[in-house]
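*Asks:* Handing over my_file_24.cif, mmCIF, C-alpha atoms.
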data_run
#
loop_
_atom_site.group_PDB
_atom_site.id
_atom_site.type_symbol
_atom_site.label_atom_id
_atom_site.label_comp_id
_atom_site.auth_asym_id
_atom_site.auth_seq_id
_atom_site.Cartn_x
_atom_site.Cartn_y
_atom_site.Cartn_z
ATOM 1 C CA MET A 115 -23.900 -25.797 -12.866
ATOM 2 C CA LYS A 116 -20.160 -26.022 -12.314
ATOM 3 C CA THR A 117 -18.668 -25.337 -8.912
ATOM 4 C CA LEU A 118 -16.753 -22.127 -8.346
ATOM 5 C CA THR A 119 -12.976 -22.040 -8.284
ATOM 6 C CA ALA A 120 -11.337 -21.109 -4.995
ATOM 7 C CA ARG A 121 -10.548 -17.626 -6.358
ATOM 8 C CA GLN A 122 -14.110 -17.091 -7.617
ATOM 9 C CA ARG A 123 -15.468 -18.124 -4.224
ATOM 10 C CA GLN A 124 -13.010 -15.810 -2.433
ATOM 11 C CA VAL A 125 -13.860 -12.788 -4.591
ATOM 12 C CA LEU A 126 -17.613 -13.445 -4.493
ATOM 13 C CA LEU A 127 -17.480 -13.718 -0.700
ATOM 14 C CA LEU A 128 -15.664 -10.396 -0.466
ATOM 15 C CA ALA A 129 -18.311 -8.883 -2.747
ATOM 16 C CA ALA A 130 -21.105 -10.470 -0.700
ATOM 17 C CA ASN A 131 -19.749 -8.683 2.337
ATOM 18 C CA GLY A 132 -20.268 -5.305 0.689
ATOM 19 C CA ASN A 133 -16.814 -4.651 -0.711
ATOM 20 C CA SER A 134 -16.384 -2.772 -3.987
ATOM 21 C CA ASN A 135 -14.298 -4.144 -6.832
ATOM 22 C CA ALA A 136 -11.681 -1.483 -6.025
ATOM 23 C CA ASP A 137 -11.516 -2.604 -2.372
ATOM 24 C CA ILE A 138 -11.248 -6.264 -3.360
ATOM 25 C CA ALA A 139 -8.524 -5.458 -5.890
ATOM 26 C CA ALA A 140 -6.500 -3.541 -3.301
ATOM 27 C CA TRP A 141 -6.733 -6.354 -0.735
ATOM 28 C CA LEU A 142 -5.788 -9.034 -3.248
ATOM 29 C CA GLY A 143 -3.104 -6.988 -4.992
ATOM 30 C CA VAL A 144 -4.726 -7.231 -8.415
ATOM 31 C CA SER A 145 -6.445 -4.768 -10.770
ATOM 32 C CA ARG A 146 -10.137 -3.877 -10.618
ATOM 33 C CA HIS A 147 -10.377 -5.351 -14.101
ATOM 34 C CA SER A 148 -9.109 -8.698 -12.778
ATOM 35 C CA VAL A 149 -11.730 -8.633 -10.027
ATOM 36 C CA ALA A 150 -14.455 -7.864 -12.569
ATOM 37 C CA GLU A 151 -13.283 -10.760 -14.760
ATOM 38 C CA VAL A 152 -13.313 -13.194 -11.821
ATOM 39 C CA LEU A 153 -16.813 -12.070 -10.837
ATOM 40 C CA THR A 154 -18.062 -12.360 -14.421
ATOM 41 C CA ALA A 155 -16.707 -15.909 -14.601
ATOM 42 C CA ALA A 156 -18.404 -16.709 -11.283
ATOM 43 C CA TYR A 157 -21.727 -15.306 -12.543
ATOM 44 C CA ARG A 158 -21.433 -17.456 -15.640
ATOM 45 C CA ARG A 159 -20.708 -20.618 -13.627
ATOM 46 C CA LEU A 160 -23.650 -19.922 -11.328
ATOM 47 C CA GLY A 161 -26.020 -18.874 -14.118
ATOM 48 C CA ALA A 162 -26.413 -15.441 -12.540
ATOM 49 C CA SER A 163 -26.788 -12.081 -14.229
ATOM 50 C CA ASP A 164 -25.467 -9.839 -11.445
ATOM 51 C CA ARG A 165 -23.723 -9.712 -8.074
ATOM 52 C CA ALA A 166 -26.845 -10.030 -5.939
ATOM 53 C CA GLN A 167 -28.171 -12.995 -7.886
ATOM 54 C CA ALA A 168 -24.755 -14.681 -7.810
ATOM 55 C CA VAL A 169 -24.572 -14.339 -4.031
ATOM 56 C CA ALA A 170 -28.120 -15.673 -3.625
ATOM 57 C CA ILE A 171 -27.423 -18.685 -5.840
ATOM 58 C CA ALA A 172 -24.066 -19.345 -4.170
ATOM 59 C CA LEU A 173 -25.782 -19.361 -0.772
ATOM 60 C CA ALA A 174 -28.591 -21.600 -2.021
ATOM 61 C CA VAL A 175 -26.264 -24.213 -3.519
ATOM 62 C CA GLY A 176 -23.719 -24.179 -0.698
ATOM 63 C CA GLU A 177 -20.873 -22.382 -2.463
ATOM 64 C CA LEU A 178 -21.026 -19.752 0.298
ATOM 65 C CA GLY A 179 -22.255 -20.192 3.842
ATOM 66 C CA ILE A 180 -24.621 -17.765 5.499
ATOM 67 C CA HIS A 181 -22.227 -17.658 8.459
ATOM 68 C CA GLN A 182 -19.631 -16.086 6.125
ATOM 69 C CA ILE A 183 -21.777 -13.009 5.504
ATOM 70 C CA HIS A 184 -21.035 -10.307 8.050
ATOM 71 C CA ILE A 185 -23.694 -7.734 8.834
ATOM 72 C CA PRO A 186 -22.363 -4.375 10.092
ATOM 73 C CA ASP A 187 -23.565 -3.587 13.616
ATOM 74 C CA GLU A 188 -25.584 -0.524 12.543
ATOM 75 C CA GLN A 189 -27.500 -2.579 9.955
ATOM 76 C CA ARG A 190 -28.066 -5.365 12.473
ATOM 77 C CA GLU A 191 -29.522 -2.819 14.939
ATOM 78 C CA GLN A 192 -31.808 -1.307 12.268
ATOM 79 C CA ALA A 193 -33.141 -4.743 11.343
ATOM 80 C CA ALA A 194 -34.020 -5.608 14.950
#
Could you render the structure from this file as structure tokens?
*Replies:*
Amino acid sequence: MKTLTARQRQVLLLAANGNSNADIAAWLGVSRHSVAEVLTAAYRRLGASDRAQAVAIALAVGELGIHQIHIPDEQREQAA
């Protein structure tokens, strides 16, 4: 498995935190298509077939840190 590029890591982290492709595109000043292409390339590098699997693999191999995933307060309260 190849490591992610800085941009792939950035976009996957934004996705891991519950942001849509449209939201990510707006924040980064790129098109939704560009975001989708970056995510697809990240999936390929990680050997993942979708967003959830890519995030799980990235966490498992250290591409993302668990401390970088932010849980909204209402979800944190429901889980407790």
*Asks:* With distances taken over only C-alpha atoms, which of A:Leu178, A:Ala130, A:Val125, A:Ala166 is nearest to A:Val152?
*Replies:* A:Val125
*Asks:* Excluding same-chain residues fewer than 5 positions from A:Asn135, what lies within 12 Å of it counting only C-alpha atoms, as a list in words?
*Replies:*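 The residues satisfying every condition are Val125, Leu126, Leu127, Leu128, Ala129, Ala130, Ala140, Trp141, Leu142, Gly143, Val144, Ser145, Arg146, His147, Ser148, Val149, Ala150, Glu151, Val152, Leu153, Thr154 and Arg165 of chain A.
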*Asks:* Near A:Asn131, counting all atoms listed in the file, which residues have an atom at most 8 Å away, once you skip same-chain residues fewer than 4 positions from it, shown as a PyMOL selection string?
*Replies:* chain A and resi 127+183-185
*Asks:* Would you mind reading off the distance between atom CA of A:Thr119 and atom CA of A:Ala168, one decimal, in Å?
*Replies:*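 So the answer is 13.9 Å.
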*Asks:* Write out as a VMD selection string each polymer residue whose atoms come within 12 Å of A:Gln167, counting all atoms listed in the file; drop sequence neighbours fewer than 2 positions from it.
*Replies:* chain A and resid 126 129 to 130 153 156 to 158 160 to 165 169 to 174
*Asks:* Of the candidates A:Ile180, A:Val175, A:Ala136, A:Ala155, which one gets nearest to A:Arg121 if we count only C-alpha atoms?
*Replies:* A:Ala155
*Asks:* If I wrap all listed atoms of stretch 177-185 of chain A in a box with edges along x, y and z and add 6 Å on each side, what are its centre and edge lengths in Å to one decimal, as JSON?
*Replies:*
{"center_x": -22.1, "center_y": -15.1, "center_z": 3.2, "size_x": 17.0, "size_y": 26.6, "size_z": 23.3}
*Asks:* Would you save stretch 157-190 of chain A to a file, keeping N, CA, C and O atoms, as a short mmCIF file (atom, residue, chain, number, x, y, z; two decimals), in the first residue's frame?
*Replies:*
data_model
loop_
_atom_site.label_atom_id
_atom_site.label_comp_id
_atom_site.auth_asym_id
_atom_site.auth_seq_id
_atom_site.Cartn_x
_atom_site.Cartn_y
_atom_site.Cartn_z
N TYR A 157 -8.90 6.02 -2.14
CA TYR A 157 -9.44 4.66 -1.99
C TYR A 157 -8.52 3.65 -2.66
O TYR A 157 -8.22 2.60 -2.10
N ARG A 158 -8.10 4.00 -3.87
CA ARG A 158 -7.23 3.10 -4.63
C ARG A 158 -5.91 2.86 -3.88
O ARG A 158 -5.46 1.74 -3.76
N ARG A 159 -5.31 3.92 -3.38
CA ARG A 159 -4.04 3.78 -2.65
C ARG A 159 -4.20 2.93 -1.39
O ARG A 159 -3.29 2.20 -1.01
N LEU A 160 -5.35 3.06 -0.75
CA LEU A 160 -5.59 2.33 0.50
C LEU A 160 -6.15 0.93 0.26
O LEU A 160 -6.23 0.13 1.19
N GLY A 161 -6.58 0.65 -0.97
CA GLY A 161 -7.21 -0.64 -1.26
C GLY A 161 -8.63 -0.71 -0.72
O GLY A 161 -9.12 -1.78 -0.37
N ALA A 162 -9.29 0.44 -0.67
CA ALA A 162 -10.65 0.53 -0.13
C ALA A 162 -11.67 0.66 -1.26
O ALA A 162 -11.34 1.13 -2.35
N SER A 163 -12.90 0.26 -0.97
CA SER A 163 -13.94 0.34 -1.98
C SER A 163 -14.91 1.49 -1.73
O SER A 163 -15.70 1.83 -2.61
N ASP A 164 -14.87 2.10 -0.55
CA ASP A 164 -15.77 3.21 -0.27
C ASP A 164 -15.20 4.10 0.83
O ASP A 164 -14.14 3.81 1.39
N ARG A 165 -15.91 5.16 1.13
CA ARG A 165 -15.47 6.17 2.10
C ARG A 165 -15.25 5.57 3.48
O ARG A 165 -14.21 5.81 4.10
N ALA A 166 -16.21 4.81 3.96
CA ALA A 166 -16.10 4.24 5.30
C ALA A 166 -14.90 3.30 5.42
O ALA A 166 -14.14 3.36 6.40
N GLN A 167 -14.72 2.46 4.43
CA GLN A 167 -13.59 1.53 4.46
C GLN A 167 -12.27 2.29 4.36
O GLN A 167 -11.29 1.94 5.03
N ALA A 168 -12.23 3.33 3.55
CA ALA A 168 -11.01 4.13 3.42
C ALA A 168 -10.64 4.78 4.74
O ALA A 168 -9.47 4.78 5.15
N VAL A 169 -11.62 5.32 5.44
CA VAL A 169 -11.36 5.94 6.74
C VAL A 169 -10.87 4.89 7.73
O VAL A 169 -9.90 5.11 8.46
N ALA A 170 -11.51 3.73 7.76
CA ALA A 170 -11.10 2.67 8.68
C ALA A 170 -9.67 2.22 8.41
O ALA A 170 -8.86 2.08 9.34
N ILE A 171 -9.33 2.03 7.15
CA ILE A 171 -7.97 1.61 6.80
C ILE A 171 -6.98 2.71 7.15
O ILE A 171 -5.92 2.44 7.72
N ALA A 172 -7.32 3.95 6.81
CA ALA A 172 -6.42 5.07 7.10
C ALA A 172 -6.15 5.19 8.60
O ALA A 172 -5.02 5.46 9.01
N LEU A 173 -7.16 4.96 9.41
CA LEU A 173 -6.96 4.97 10.86
C LEU A 173 -6.08 3.80 11.30
O LEU A 173 -5.17 3.97 12.11
N ALA A 174 -6.33 2.64 10.74
CA ALA A 174 -5.59 1.43 11.13
C ALA A 174 -4.11 1.51 10.78
O ALA A 174 -3.27 0.99 11.52
N VAL A 175 -3.79 2.15 9.65
CA VAL A 175 -2.39 2.20 9.21
C VAL A 175 -1.69 3.50 9.60
O VAL A 175 -0.53 3.70 9.25
N GLY A 176 -2.39 4.38 10.30
CA GLY A 176 -1.76 5.60 10.78
C GLY A 176 -1.77 6.77 9.83
O GLY A 176 -1.10 7.77 10.08
N GLU A 177 -2.52 6.67 8.73
CA GLU A 177 -2.64 7.81 7.82
C GLU A 177 -3.48 8.92 8.45
O GLU A 177 -3.27 10.09 8.17
N LEU A 178 -4.45 8.54 9.26
CA LEU A 178 -5.26 9.48 10.03
C LEU A 178 -5.15 9.08 11.49
O LEU A 178 -5.00 7.90 11.80
N GLY A 179 -5.27 10.05 12.37
CA GLY A 179 -5.26 9.76 13.80
C GLY A 179 -6.66 9.85 14.37
O GLY A 179 -7.44 10.71 13.95
N ILE A 180 -6.96 8.99 15.29
CA ILE A 180 -8.30 8.98 15.90
C ILE A 180 -8.61 10.33 16.55
O ILE A 180 -9.75 10.77 16.56
N HIS A 181 -7.60 11.01 17.03
CA HIS A 181 -7.78 12.33 17.64
C HIS A 181 -8.22 13.39 16.63
O HIS A 181 -8.67 14.46 17.00
N GLN A 182 -8.10 13.09 15.34
CA GLN A 182 -8.50 14.03 14.29
C GLN A 182 -9.98 13.90 13.92
O GLN A 182 -10.49 14.74 13.19
N ILE A 183 -10.64 12.87 14.43
CA ILE A 183 -12.05 12.66 14.14
C ILE A 183 -12.85 13.35 15.25
O ILE A 183 -12.68 13.05 16.42
N HIS A 184 -13.70 14.27 14.84
CA HIS A 184 -14.48 15.04 15.80
C HIS A 184 -15.91 14.53 15.84
O HIS A 184 -16.58 14.46 14.81
N ILE A 185 -16.36 14.20 17.03
CA ILE A 185 -17.72 13.68 17.20
C ILE A 185 -18.60 14.84 17.66
O ILE A 185 -18.30 15.47 18.68
N PRO A 186 -19.68 15.14 16.92
CA PRO A 186 -20.59 16.21 17.37
C PRO A 186 -21.12 15.91 18.77
O PRO A 186 -21.33 14.75 19.13
N ASP A 187 -21.33 16.97 19.55
CA ASP A 187 -21.76 16.81 20.94
C ASP A 187 -23.01 15.96 21.08
O ASP A 187 -23.09 15.11 21.98
N GLU A 188 -24.01 16.14 20.20
CA GLU A 188 -25.25 15.37 20.33
C GLU A 188 -25.00 13.88 20.11
O GLU A 188 -25.61 13.02 20.77
N GLN A 189 -24.09 13.52 19.21
CA GLN A 189 -23.77 12.11 19.01
C GLN A 189 -22.97 11.56 20.19
O GLN A 189 -23.15 10.42 20.58
N ARG A 190 -22.09 12.38 20.74
CA ARG A 190 -21.31 11.96 21.90
C ARG A 190 -22.25 11.67 23.08
O ARG A 190 -22.09 10.68 23.79
#
